[in-house]
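Structure file model_37.txt (compact mmCIF, C-alpha atoms) follows.
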# COMPACT_ATOMS: atom_id res chain seq x y z
CA MET A 1 123.61 76.20 74.41
CA ALA A 2 125.80 74.68 71.70
CA LYS A 3 124.30 75.02 68.24
CA GLN A 4 126.13 72.10 66.71
CA MET A 5 127.60 68.71 67.40
CA PRO A 6 131.35 68.14 67.58
CA PHE A 7 131.17 66.44 64.19
CA PRO A 8 130.07 68.13 60.94
CA ALA A 9 126.39 68.18 59.98
CA GLY A 10 125.26 66.54 56.75
CA THR A 11 127.87 63.76 56.64
CA VAL A 12 127.28 60.31 55.12
CA HIS A 13 129.66 57.44 55.92
CA LEU A 14 129.36 54.87 53.16
CA HIS A 15 130.89 51.42 53.64
CA VAL A 16 131.03 50.31 50.05
CA THR A 17 132.24 46.73 50.59
CA ASP A 18 133.40 44.37 53.32
CA THR A 19 135.97 42.78 51.03
CA CYS A 20 139.52 43.68 52.00
CA ASN A 21 143.00 42.77 50.79
CA LEU A 22 144.18 42.69 54.41
CA ARG A 23 142.91 41.00 57.54
CA CYS A 24 143.80 43.47 60.26
CA LEU A 25 143.82 42.23 63.83
CA HIS A 26 141.76 45.21 65.03
CA CYS A 27 139.25 45.61 62.16
CA TYR A 28 135.96 47.10 63.42
CA SER A 29 133.94 45.67 60.52
CA ASP A 30 135.48 42.19 60.43
CA SER A 31 136.42 42.75 56.77
CA SER A 32 138.76 40.32 55.03
CA PRO A 33 139.56 38.77 51.62
CA LYS A 34 136.93 36.12 52.37
CA ARG A 35 134.06 38.63 52.73
CA THR A 36 132.24 39.40 49.49
CA THR A 37 129.34 41.78 50.21
CA SER A 38 129.33 45.02 48.22
CA LEU A 39 126.85 47.82 47.65
CA GLU A 40 125.41 48.24 44.17
CA ILE A 41 126.81 51.60 43.04
CA ASP A 42 123.71 52.78 41.14
CA THR A 43 121.56 52.13 44.23
CA ALA A 44 124.05 53.97 46.41
CA LEU A 45 124.01 56.99 44.09
CA GLU A 46 120.20 57.02 44.05
CA ALA A 47 120.19 57.09 47.85
CA LEU A 48 122.83 59.84 47.93
CA SER A 49 120.67 61.86 45.54
CA LYS A 50 117.69 61.66 47.91
CA LEU A 51 119.84 62.39 50.93
CA SER A 52 121.39 65.43 49.23
CA GLN A 53 117.89 66.90 48.91
CA GLN A 54 117.67 66.66 52.71
CA GLY A 55 120.89 68.57 53.27
CA TYR A 56 123.55 65.87 53.27
CA ARG A 57 126.68 67.38 51.70
CA HIS A 58 129.72 65.39 52.76
CA LEU A 59 130.50 61.82 51.73
CA SER A 60 133.15 59.66 53.33
CA VAL A 61 133.71 56.26 51.71
CA SER A 62 135.40 53.34 53.44
CA GLY A 63 134.99 49.60 53.65
CA GLY A 64 136.50 46.98 53.65
CA GLU A 65 138.98 48.34 51.17
CA PRO A 66 137.21 50.74 48.78
CA THR A 67 139.76 50.35 45.96
CA LEU A 68 138.57 46.76 45.52
CA GLU A 69 135.22 48.13 44.31
CA PRO A 70 135.53 48.26 40.48
CA ARG A 71 133.16 51.25 40.19
CA LEU A 72 134.67 53.35 42.99
CA GLY A 73 135.62 56.17 40.61
CA GLU A 74 132.06 56.32 39.27
CA LEU A 75 130.76 56.60 42.83
CA ALA A 76 133.09 59.52 43.56
CA LEU A 77 132.28 61.41 40.38
CA GLY A 78 128.55 60.76 40.74
CA ALA A 79 128.55 62.03 44.33
CA ARG A 80 130.49 65.14 43.33
CA ARG A 81 127.92 65.84 40.62
CA LEU A 82 125.26 65.67 43.33
CA GLY A 83 127.13 68.38 45.22
CA TYR A 84 128.92 66.26 47.81
CA SER A 85 132.41 66.94 49.04
CA THR A 86 134.00 63.51 48.86
CA ALA A 87 136.64 61.66 50.84
CA VAL A 88 137.84 58.08 50.79
CA VAL A 89 139.79 56.05 53.33
CA THR A 90 142.19 53.45 51.94
CA ASN A 91 144.81 51.11 53.37
CA GLY A 92 147.05 52.05 50.43
CA GLN A 93 147.97 48.51 49.45
CA LEU A 94 146.45 48.45 45.97
CA GLN A 95 148.21 50.97 43.76
CA SER A 96 147.19 49.84 40.28
CA GLU A 97 146.48 52.45 37.62
CA LYS A 98 142.74 51.89 38.03
CA ALA A 99 142.91 52.19 41.82
CA ILE A 100 144.89 55.42 41.63
CA GLU A 101 142.45 56.82 39.08
CA ALA A 102 139.53 55.99 41.36
CA LEU A 103 141.22 57.47 44.45
CA THR A 104 142.06 60.70 42.68
CA SER A 105 138.41 61.11 41.72
CA PHE A 106 137.76 62.06 45.35
CA ASP A 107 138.36 65.52 46.81
CA THR A 108 140.38 64.02 49.66
CA VAL A 109 142.20 60.71 50.06
CA ALA A 110 142.93 59.51 53.60
CA VAL A 111 145.50 56.75 53.96
CA SER A 112 145.28 54.77 57.17
CA LEU A 113 148.50 54.31 59.14
CA ASP A 114 147.70 52.71 62.48
CA GLY A 115 151.10 53.29 64.04
CA LEU A 116 154.70 53.61 62.96
CA GLU A 117 156.16 50.71 60.98
CA ALA A 118 156.43 48.03 63.70
CA ASN A 119 152.98 48.59 65.21
CA HIS A 120 151.30 49.18 61.85
CA ASP A 121 152.65 46.02 60.20
CA LEU A 122 151.79 43.99 63.30
CA LEU A 123 148.17 45.20 63.33
CA ARG A 124 147.87 44.92 59.56
CA ASN A 125 149.13 41.36 59.75
CA LYS A 126 151.42 42.04 56.81
CA ALA A 127 155.08 43.02 56.66
CA GLY A 128 155.77 45.92 54.29
CA SER A 129 152.23 47.33 54.49
CA PHE A 130 153.43 50.48 56.28
CA ARG A 131 155.98 51.35 53.60
CA GLN A 132 153.47 50.69 50.85
CA ALA A 133 150.90 53.00 52.45
CA ALA A 134 153.47 55.73 53.19
CA LYS A 135 154.59 55.56 49.56
CA LEU A 136 151.03 56.27 48.45
CA VAL A 137 150.77 59.31 50.77
CA GLU A 138 153.93 60.74 49.29
CA TRP A 139 152.92 60.01 45.69
CA LEU A 140 149.48 61.57 46.08
CA ALA A 141 150.85 64.67 47.79
CA ARG A 142 153.40 65.15 45.02
CA ALA A 143 150.62 64.75 42.46
CA GLY A 144 148.76 67.63 44.11
CA VAL A 145 146.01 65.49 45.64
CA ARG A 146 144.68 66.59 49.02
CA VAL A 147 145.87 63.69 51.15
CA GLY A 148 145.55 62.89 54.82
CA VAL A 149 146.92 60.35 57.26
CA VAL A 150 144.25 58.73 59.42
CA SER A 151 145.22 56.64 62.41
CA CYS A 152 143.20 54.34 64.62
CA VAL A 153 145.04 54.56 67.94
CA SER A 154 145.46 51.68 70.38
CA ASP A 155 147.17 51.66 73.79
CA GLN A 156 150.18 50.17 72.01
CA SER A 157 150.37 52.71 69.18
CA LEU A 158 149.58 55.82 71.23
CA GLU A 159 153.24 56.73 71.53
CA ASP A 160 153.56 56.65 67.72
CA VAL A 161 151.08 59.51 67.23
CA PRO A 162 153.51 62.47 67.24
CA GLY A 163 155.87 60.49 64.97
CA LEU A 164 153.02 59.81 62.54
CA TYR A 165 152.16 63.50 62.55
CA GLU A 166 155.78 64.35 61.71
CA LEU A 167 155.89 61.67 59.01
CA GLY A 168 152.63 62.91 57.49
CA SER A 169 154.01 66.42 57.50
CA ASP A 170 157.25 65.30 55.83
CA LEU A 171 155.36 63.33 53.16
CA GLY A 172 153.15 66.30 52.30
CA ALA A 173 149.88 65.32 53.99
CA SER A 174 147.55 68.24 54.64
CA LEU A 175 145.36 66.39 57.16
CA PHE A 176 146.11 64.23 60.18
CA GLN A 177 143.21 62.46 61.85
CA VAL A 178 143.30 60.29 64.96
CA ARG A 179 140.51 58.16 66.34
CA PRO A 180 140.43 55.77 69.28
CA LEU A 181 140.31 52.00 68.88
CA VAL A 182 136.96 50.55 69.91
CA GLU A 183 136.18 47.01 71.02
CA THR A 184 134.13 45.72 68.14
CA GLY A 185 134.56 43.47 65.12
CA ARG A 186 137.93 41.70 65.48
CA SER A 187 139.23 44.23 67.98
CA GLN A 188 139.59 42.61 71.39
CA SER A 189 140.18 45.83 73.33
CA ALA A 190 139.38 49.52 73.28
CA LEU A 191 141.66 52.45 73.96
CA SER A 192 141.79 52.79 77.75
CA ALA A 193 140.35 55.86 79.49
CA GLU A 194 143.84 56.99 80.47
CA SER A 195 145.07 56.65 76.89
CA ILE A 196 142.00 58.54 75.62
CA GLU A 197 143.01 61.43 77.88
CA ARG A 198 146.58 61.29 76.62
CA LEU A 199 145.43 61.07 73.00
CA GLY A 200 143.18 64.11 73.39
CA ILE A 201 145.96 66.17 74.91
CA THR A 202 148.51 64.97 72.34
CA ALA A 203 146.16 65.91 69.51
CA ALA A 204 145.43 69.31 71.03
CA LEU A 205 149.13 70.02 71.27
CA LEU A 206 149.79 68.83 67.70
CA ALA A 207 146.85 70.93 66.49
CA SER A 208 148.49 73.99 67.99
CA LEU A 209 151.70 73.56 65.95
CA ASP A 210 152.41 75.85 63.05
CA GLY A 211 153.16 74.62 59.56
CA GLY A 212 152.01 70.98 59.78
CA PRO A 213 148.88 69.12 58.69
CA THR A 214 145.48 70.14 60.05
CA VAL A 215 144.75 67.87 63.02
CA GLN A 216 141.37 66.30 63.62
CA CYS A 217 140.73 64.18 66.69
CA ASP A 218 137.57 62.06 66.91
CA LEU A 219 137.26 62.77 70.61
CA ALA A 220 135.06 65.39 72.23
CA THR A 221 135.70 67.25 75.44
CA THR A 222 133.16 66.67 78.16
CA SER A 223 132.54 70.41 78.42
CA GLN A 224 131.86 70.53 74.67
CA LEU A 225 129.75 67.39 74.42
CA ALA A 226 127.24 67.94 77.25
CA PRO A 227 125.74 71.18 75.81
CA SER A 228 125.87 69.67 72.30
CA LEU A 229 123.78 66.74 73.53
CA ASP A 230 121.36 69.17 75.17
CA TRP A 231 121.01 70.88 71.81
CA LEU A 232 120.55 67.57 70.00
CA ILE A 233 117.87 66.39 72.44
CA GLU A 234 116.06 69.70 72.04
CA GLN A 235 116.17 69.44 68.23
CA LEU A 236 114.88 65.86 68.30
CA GLU A 237 111.98 66.96 70.48
CA SER A 238 111.14 70.13 68.55
CA LEU A 239 112.33 69.22 65.04
CA THR A 240 113.48 72.78 64.40
CA SER A 241 116.62 71.50 62.66
CA THR A 242 116.95 69.33 59.56
CA THR A 243 117.50 65.58 59.54
CA ALA A 244 121.00 66.19 58.13
CA GLU A 245 121.85 68.30 61.17
CA ILE A 246 120.40 65.85 63.67
CA LEU A 247 121.54 62.58 62.08
CA SER A 248 125.19 63.12 61.28
CA PRO A 249 127.14 61.11 60.50
CA LEU A 250 124.58 58.87 58.80
CA VAL A 251 126.05 55.43 58.15
CA ILE A 252 125.26 53.23 55.14
CA ASP A 253 126.79 49.78 55.52
CA GLU A 254 127.83 47.36 52.76
CA VAL A 255 124.38 45.74 52.80
CA GLY A 256 122.65 49.11 52.39
CA ASN A 257 121.38 49.42 55.95
CA LEU A 258 121.09 52.93 57.38
CA ARG A 259 122.27 53.68 60.89
CA PRO A 260 122.67 56.87 62.88
CA TYR A 261 126.16 57.97 63.91
CA SER A 262 128.18 54.76 64.02
CA TYR A 263 128.72 51.53 62.06
CA ASN A 264 128.46 49.55 65.26
CA LEU A 265 125.42 51.23 66.80
CA SER A 266 123.30 48.18 67.39
CA GLY A 267 119.51 48.17 67.53
CA PHE A 268 119.00 51.54 65.82
CA GLU A 269 118.75 50.48 62.19
CA LEU A 270 116.84 53.09 60.19
CA GLY A 271 115.92 50.75 57.36
CA SER A 272 117.65 50.22 54.05
CA ILE A 273 118.60 52.42 51.09
CA HIS A 274 116.65 49.93 48.96
CA GLY A 275 113.48 51.16 50.66
CA LEU A 276 114.42 54.82 50.53
CA HIS A 277 111.81 55.84 47.97
CA THR A 278 111.49 59.52 48.87
CA LYS A 279 113.41 60.64 51.91
CA LEU A 280 114.77 59.62 55.27
CA ASP A 281 112.08 60.54 57.78
CA LEU A 282 112.49 60.98 61.50
CA THR A 283 109.31 59.49 62.91
CA ALA A 284 108.13 60.26 66.43
CA ASP A 285 109.10 56.73 67.41
CA ILE A 286 112.67 57.10 66.13
CA ARG A 287 113.02 60.51 67.71
CA SER A 288 111.89 59.35 71.15
CA ARG A 289 114.31 56.42 71.04
CA LEU A 290 117.18 58.68 70.01
CA VAL A 291 116.29 61.15 72.76
CA GLU A 292 116.57 58.31 75.29
CA LEU A 293 119.90 57.27 73.78
CA HIS A 294 121.34 60.79 74.00
CA LYS A 295 120.04 61.28 77.55
CA GLU A 296 121.81 58.07 78.54
CA VAL A 297 125.06 59.30 76.95
CA ARG A 298 124.67 62.72 78.56
CA ALA A 299 124.31 61.14 82.00
CA GLN A 300 127.58 59.29 81.44
CA VAL A 301 129.34 62.40 80.15
CA ILE A 302 128.47 64.65 83.09
CA ASN A 303 129.58 61.98 85.56
CA GLN A 304 132.95 61.57 83.88
CA ASP A 305 136.09 63.01 85.47
CA GLU A 306 138.19 62.86 82.32
CA LEU A 307 138.44 65.82 79.95
CA PHE A 308 138.09 63.81 76.71
CA VAL A 309 135.45 61.25 75.76
CA ASP A 310 134.84 58.97 72.79
CA TRP A 311 131.33 59.96 71.76
CA PHE A 312 130.97 57.03 69.35
CA ALA A 313 131.94 54.48 72.01
CA LEU A 314 129.55 56.05 74.54
CA LEU A 315 126.76 55.85 71.96
CA ALA A 316 127.50 52.21 71.26
CA ASP A 317 127.52 51.38 74.97
CA ALA A 318 124.29 53.28 75.60
CA SER A 319 122.60 51.66 72.61
CA VAL A 320 122.97 48.26 74.25
CA SER A 321 120.70 49.39 77.08
CA THR A 322 118.24 51.38 74.99
CA ALA A 323 118.32 49.39 71.78
CA THR A 324 115.11 48.75 69.99
CA GLN A 325 114.58 48.29 66.31
CA VAL A 326 113.42 51.52 64.69
CA LYS A 327 111.74 51.81 61.36
CA ILE A 328 112.05 54.26 58.57
CA SER A 329 108.91 55.75 57.13
CA HIS A 330 108.85 56.78 53.56
CA MET B 331 154.63 80.97 67.05
CA ASN B 332 158.41 80.66 66.80
CA GLN B 333 160.32 77.44 66.02
CA HIS B 334 161.39 77.10 69.64
CA GLU B 335 157.81 77.09 70.90
CA ASN B 336 156.78 74.71 68.11
CA ALA B 337 159.54 72.29 69.16
CA LEU B 338 158.50 72.55 72.81
CA ARG B 339 154.87 71.73 72.04
CA LEU B 340 155.97 68.73 69.95
CA GLU B 341 158.21 67.49 72.78
CA LEU B 342 155.31 67.87 75.20
CA ALA B 343 153.07 65.86 72.84
CA LYS B 344 155.72 63.11 72.66
CA ALA B 345 156.13 63.03 76.42
CA VAL B 346 152.37 62.76 76.98
CA SER B 347 151.79 60.07 74.34
CA SER B 348 154.80 57.96 75.38
CA ARG B 349 153.67 58.10 79.02
CA GLY B 350 156.80 60.09 79.92
CA VAL B 351 154.51 62.41 81.85
CA ASP B 352 152.76 60.68 84.74
CA THR B 353 148.99 60.70 85.31
CA LYS B 354 149.20 63.69 87.66
CA GLY B 355 151.07 65.63 85.01
CA VAL B 356 148.47 64.67 82.40
CA GLU B 357 145.71 65.98 84.68
CA ALA B 358 147.62 69.23 85.05
CA ILE B 359 148.01 69.61 81.30
CA ALA B 360 144.37 68.62 80.75
CA SER B 361 143.27 71.47 82.98
CA GLN B 362 145.00 73.82 80.56
CA VAL B 363 144.41 72.31 77.14
CA LYS B 364 140.72 72.51 78.07
CA PHE B 365 141.20 76.00 76.66
CA PRO B 366 143.48 75.19 73.68
CA GLU B 367 142.14 78.09 71.66
CA LYS B 368 143.17 80.45 74.44
CA ILE B 369 146.74 79.17 74.86
CA ARG B 370 148.92 81.91 73.46
CA GLY B 371 152.28 80.55 74.43
CA ILE B 372 154.08 77.53 75.85
CA ASN B 373 157.46 78.53 77.18
CA PRO B 374 160.25 77.05 79.28
CA CYS B 375 160.34 78.58 82.75
CA VAL B 376 161.92 78.00 86.16
CA ALA B 377 159.29 75.38 87.08
CA GLY B 378 159.40 73.55 83.74
CA ILE B 379 156.86 74.93 81.32
CA CYS B 380 154.68 78.03 81.40
CA PHE B 381 151.33 78.13 79.65
CA ASP B 382 150.34 81.67 78.68
CA PHE B 383 146.72 82.66 78.18
CA PHE B 384 144.91 85.84 77.27
CA VAL B 385 141.45 85.70 78.78
CA ASP B 386 138.64 88.03 79.76
CA TYR B 387 137.25 88.24 83.29
CA GLU B 388 134.70 85.45 82.80
CA ASN B 389 137.24 83.05 81.29
CA LEU B 390 139.80 83.99 83.90
CA PHE B 391 137.46 82.62 86.56
CA ASP B 392 136.90 79.40 84.56
CA LEU B 393 140.60 79.00 83.95
CA LEU B 394 141.54 79.34 87.60
CA LYS B 395 138.76 76.98 88.65
CA ALA B 396 140.40 74.34 86.46
CA GLY B 397 143.41 74.16 88.83
CA PRO B 398 145.22 73.20 90.97
CA PHE B 399 148.46 74.03 89.21
CA GLY B 400 151.80 75.58 89.97
CA PRO B 401 152.46 79.29 90.51
CA VAL B 402 150.09 81.56 88.58
CA LYS B 403 150.91 85.09 87.45
CA ILE B 404 148.10 87.39 86.34
CA PHE B 405 148.79 90.61 84.48
CA PRO B 406 145.88 92.99 83.81
CA TRP B 407 146.23 94.07 80.18
CA GLY B 408 144.95 97.58 80.83
CA PHE B 409 144.01 100.15 78.22
CA PRO B 410 142.57 99.63 75.59
CA GLU B 411 141.34 96.19 76.81
CA PRO B 412 140.67 96.64 80.53
CA ASP B 413 138.83 93.31 80.79
CA LEU B 414 141.70 91.31 79.29
CA PHE B 415 144.18 89.41 81.43
CA HIS B 416 147.50 87.78 80.55
CA VAL B 417 147.73 84.64 82.71
CA SER B 418 150.95 82.68 83.03
CA ILE B 419 150.66 79.24 84.67
CA GLU B 420 153.81 77.36 85.62
CA GLN B 421 153.97 73.56 85.53
CA ASP B 422 156.82 71.35 86.59
CA PHE B 423 157.47 68.66 83.98
CA ALA B 424 160.84 67.15 84.76
CA GLU B 425 160.18 64.48 82.10
CA ILE B 426 160.26 66.97 79.25
CA PRO B 427 163.67 67.94 77.94
CA ARG B 428 164.49 71.60 78.45
CA LEU B 429 164.91 73.10 75.03
CA GLY B 430 166.04 76.52 76.16
Rendering of file as structure tokens:
Amino acid sequence: MAKQMPFPAGTVHLHVTDTCNLRCLHCYSDSSPKRTTSLEIDTALEALSKLSQQGYRHLSVSGGEPTLEPRLGELALGARRLGYSTAVVTNGQLQSEKAIEALTSFDTVAVSLDGLEANHDLLRNKAGSFRQAAKLVEWLARAGVRVGVVSCVSDQSLEDVPGLYELGSDLGASLFQVRPLVETGRSQSALSAESIERLGITAALLASLDGGPTVQCDLATTSQLAPSLDWLIEQLESLTSTTAEILSPLVIDEVGNLRPYSYNLSGFELGSIHGLHTKLDLTADIRSRLVELHKEVRAQVINQDELFVDWFALLADASVSTATQVKISH
Amino acid sequence: MNQHENALRLELAKAVSSRGVDTKGVEAIASQVKFPEKIRGINPCVAGICFDFFVDYENLFDLLKAGPFGPVKIFPWGFPEPDLFHVSIEQDFAEIPRLG
């Protein structure tokens, strides 16, 4: 039986703000210049401190656009002091001295490029945004910063993926991450099942190349995911693993709400970081609900003919049928 | 991996992502990239592309179950690894430019 999930244990996804300097057509969080909700940085660091004591070790910050948060650098440095490895995802549009200083306070900077120039600028709703973002990748790589290209892939931009990999390689990126578009927020469509299969194969082939960026694909194979879900269900029932192993990634949204696995997992709110006085506790009630959720996903996985699946999308779909508000005990 | 094989894998990735390879071809490739860690070579061959694997007896069975595919050649590795097999699976991908 698999001893781990396809995604790293102990990861926190922190959405620091829903304010953005773009209004992308496919934004999963409906962020825009008109949105104004942001996390209070001191509160976020207090929560990260408590979570680190439970085994959380990796922090990924996104938004909205994180560089619009004036205290982003403080967040990065504070998290690193707590022992977190830190990464930030940016659209690369704001390149002020302060923004660059904040970005370079992270261990890894991921710049999102959601297609080659035509597709990217169309989705970003702004001409010139591709070149601006690519310029940041190149500048950071030359400055010795560990930089990655991260791409949300749609049916339209799928064919751009190998070209983005080559571009990232040429610009000096050391990481290349692809993830499928999901139908949530402003996105009106998800990556089709056929395109998911093609994306998985494309990523596997790119990952096998010598000399380029390390490739990460946010898809799991059905043969990998089914035993991982068996393991997860067993851990939830027996509690022989830590919360950080079972609940990863743990999402903190811009309001401070805690959710398991995905920003858009509805009905499984775990409470708020404002109420996180001691630690995140997996109550029997939460565990039984999550077991039902994973059993639902597992049933879908084993009945699927395709080789690759989007675990996050399956979770979101299953949560609609099993959703019930869960509470955090502390 | 040599530059030639690198270029071939990249061309294959481009053909798959741009829908140059049809659905049947994608299914054929999927049956083989299911074991990406075991792919030891992707080479041009008479049929189009050969995927080379080194697998033990147990994985050999799993690999062959993943078919159907084109002609398969199996070479027992012999001493000092009697349980190891070199498997070469041919696939016809007319959509992918021959680089050889």
Subject >> Within 7 Å of chain B: residues of chain A, using all atoms listed in the file, as number ranges by chain >> reply: A: 158-159, 162, 198-199, 201-202, 204-206, 209-210, 307
Limited to C-alpha atoms, could you put the picked residues into a file as a CSV table (one decimal), in the coordinates of the input?
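Generated file (result30.csv):
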chain,number,residue,atom,x,y,z
A,158,LEU,CA,149.6,55.8,71.2
A,159,GLU,CA,153.2,56.7,71.5
A,162,PRO,CA,153.5,62.5,67.2
A,198,ARG,CA,146.6,61.3,76.6
A,199,LEU,CA,145.4,61.1,73.0
A,201,ILE,CA,146.0,66.2,74.9
A,202,THR,CA,148.5,65.0,72.3
A,204,ALA,CA,145.4,69.3,71.0
A,205,LEU,CA,149.1,70.0,71.3
A,206,LEU,CA,149.8,68.8,67.7
A,209,LEU,CA,151.7,73.6,66.0
A,210,ASP,CA,152.4,75.8,63.0
A,307,LEU,CA,138.4,65.8,80.0
Original post:
Do you know which residues lie at most 10 Å from (142.4, 62.7, 72.8), with coordinates as in the file and all atoms listed in the file counted, and could you write them as an NGL selection string?
Top reply: (:A and (153 or 178-180 or 193-204 or 216-221 or 307-310)) or (:B and (347))
**OP:** Quote the spacing between atom CA of Glu117 of chain A and atom CA of Ser208 of chain A in Å to one decimal place.
**Re:** 25.5 Å
**OP:** For atom CA of Leu75 of chain A and atom CA of Leu51 of chain A, quote the distance in Å rounded to one decimal.
**Re:** 14.8 Å
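Distances to Ile404 of chain B were evaluated for B:Ile372, B:Ala358, B:Val417, B:Cys380 using all atoms listed in the file, and the minimum falls at B:Val417.
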Original post:
In Å to one decimal, how far is atom CA of Leu123 of chain A from atom CA of Pro33 of chain A?
Top reply: 15.9 Å
Subject >> Polymer residues at most 10 Å from Tyr387 of chain B, only C-alpha atoms, same-chain spacing of 5 or more positions, as a count of residues only >> reply: 7
Would you pick out the contacts of Tyr165 of chain A at 8 Å or less, using all atoms listed in the file, so that residues sharing its chain but fewer than 2 positions from it are not included, and give the list as a PDB file with C-alpha atoms, keeping the file's coordinate frame?
ATOM      1  CA  VAL A 161     151.080  59.510  67.230  1.00  0.00           C
ATOM      2  CA  PRO A 162     153.510  62.470  67.240  1.00  0.00           C
ATOM      3  CA  GLY A 163     155.870  60.490  64.970  1.00  0.00           C
ATOM      4  CA  LEU A 167     155.890  61.670  59.010  1.00  0.00           C
ATOM      5  CA  GLY A 168     152.630  62.910  57.490  1.00  0.00           C
ATOM      6  CA  SER A 169     154.010  66.420  57.500  1.00  0.00           C
ATOM      7  CA  PHE A 176     146.110  64.230  60.180  1.00  0.00           C
ATOM      8  CA  LEU A 206     149.790  68.830  67.700  1.00  0.00           C
ATOM      9  CA  GLY A 212     152.010  70.980  59.780  1.00  0.00           C
ATOM     10  CA  PRO A 213     148.880  69.120  58.690  1.00  0.00           C
TER      11      PRO A 213
END
**OP:** Using all atoms listed in the file, find the one residue out of A:Gly73, A:Gln156, A:Ala226, A:Thr86 that sits nearest to Leu122 of chain A.
**Re:** A:Gln156
Subject >> Shell around Ala190 of chain A at 6 Å using all atoms listed in the file, local window under 4 positions removed, as number ranges by chain >> reply: A: 181-183
Original post:
Which one is closest to Ser418 of chain B: B:Phe381, B:His334, B:Leu390, B:Lys354? Count all atoms listed in the file.
Top reply: B:Phe381
Subject >> Residue nearest Gly78 of chain A - candidates A:Gln93, A:Gln53, A:Gln132, A:Ser105, atoms counted: only C-alpha atoms >> reply: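 Between A:Gln93, A:Gln53, A:Gln132, A:Ser105, the residue approaching Gly78 of chain A most closely is A:Ser105.
Look at Asn119 of chain A: the protein and nucleic acid residues within 12 Å of it, using only C-alpha atoms and passing over chain neighbours fewer than 6 places away, are Cys24, Leu25, His26, Leu113, Asn125, Lys126, Ala127, Gly128, Ser129, Phe130, Ser151, Cys152, Val153, Ser154, Asp155, Gln156, Ser157, Leu158, Glu159, Asp160, Val161 and Leu164 of chain A.
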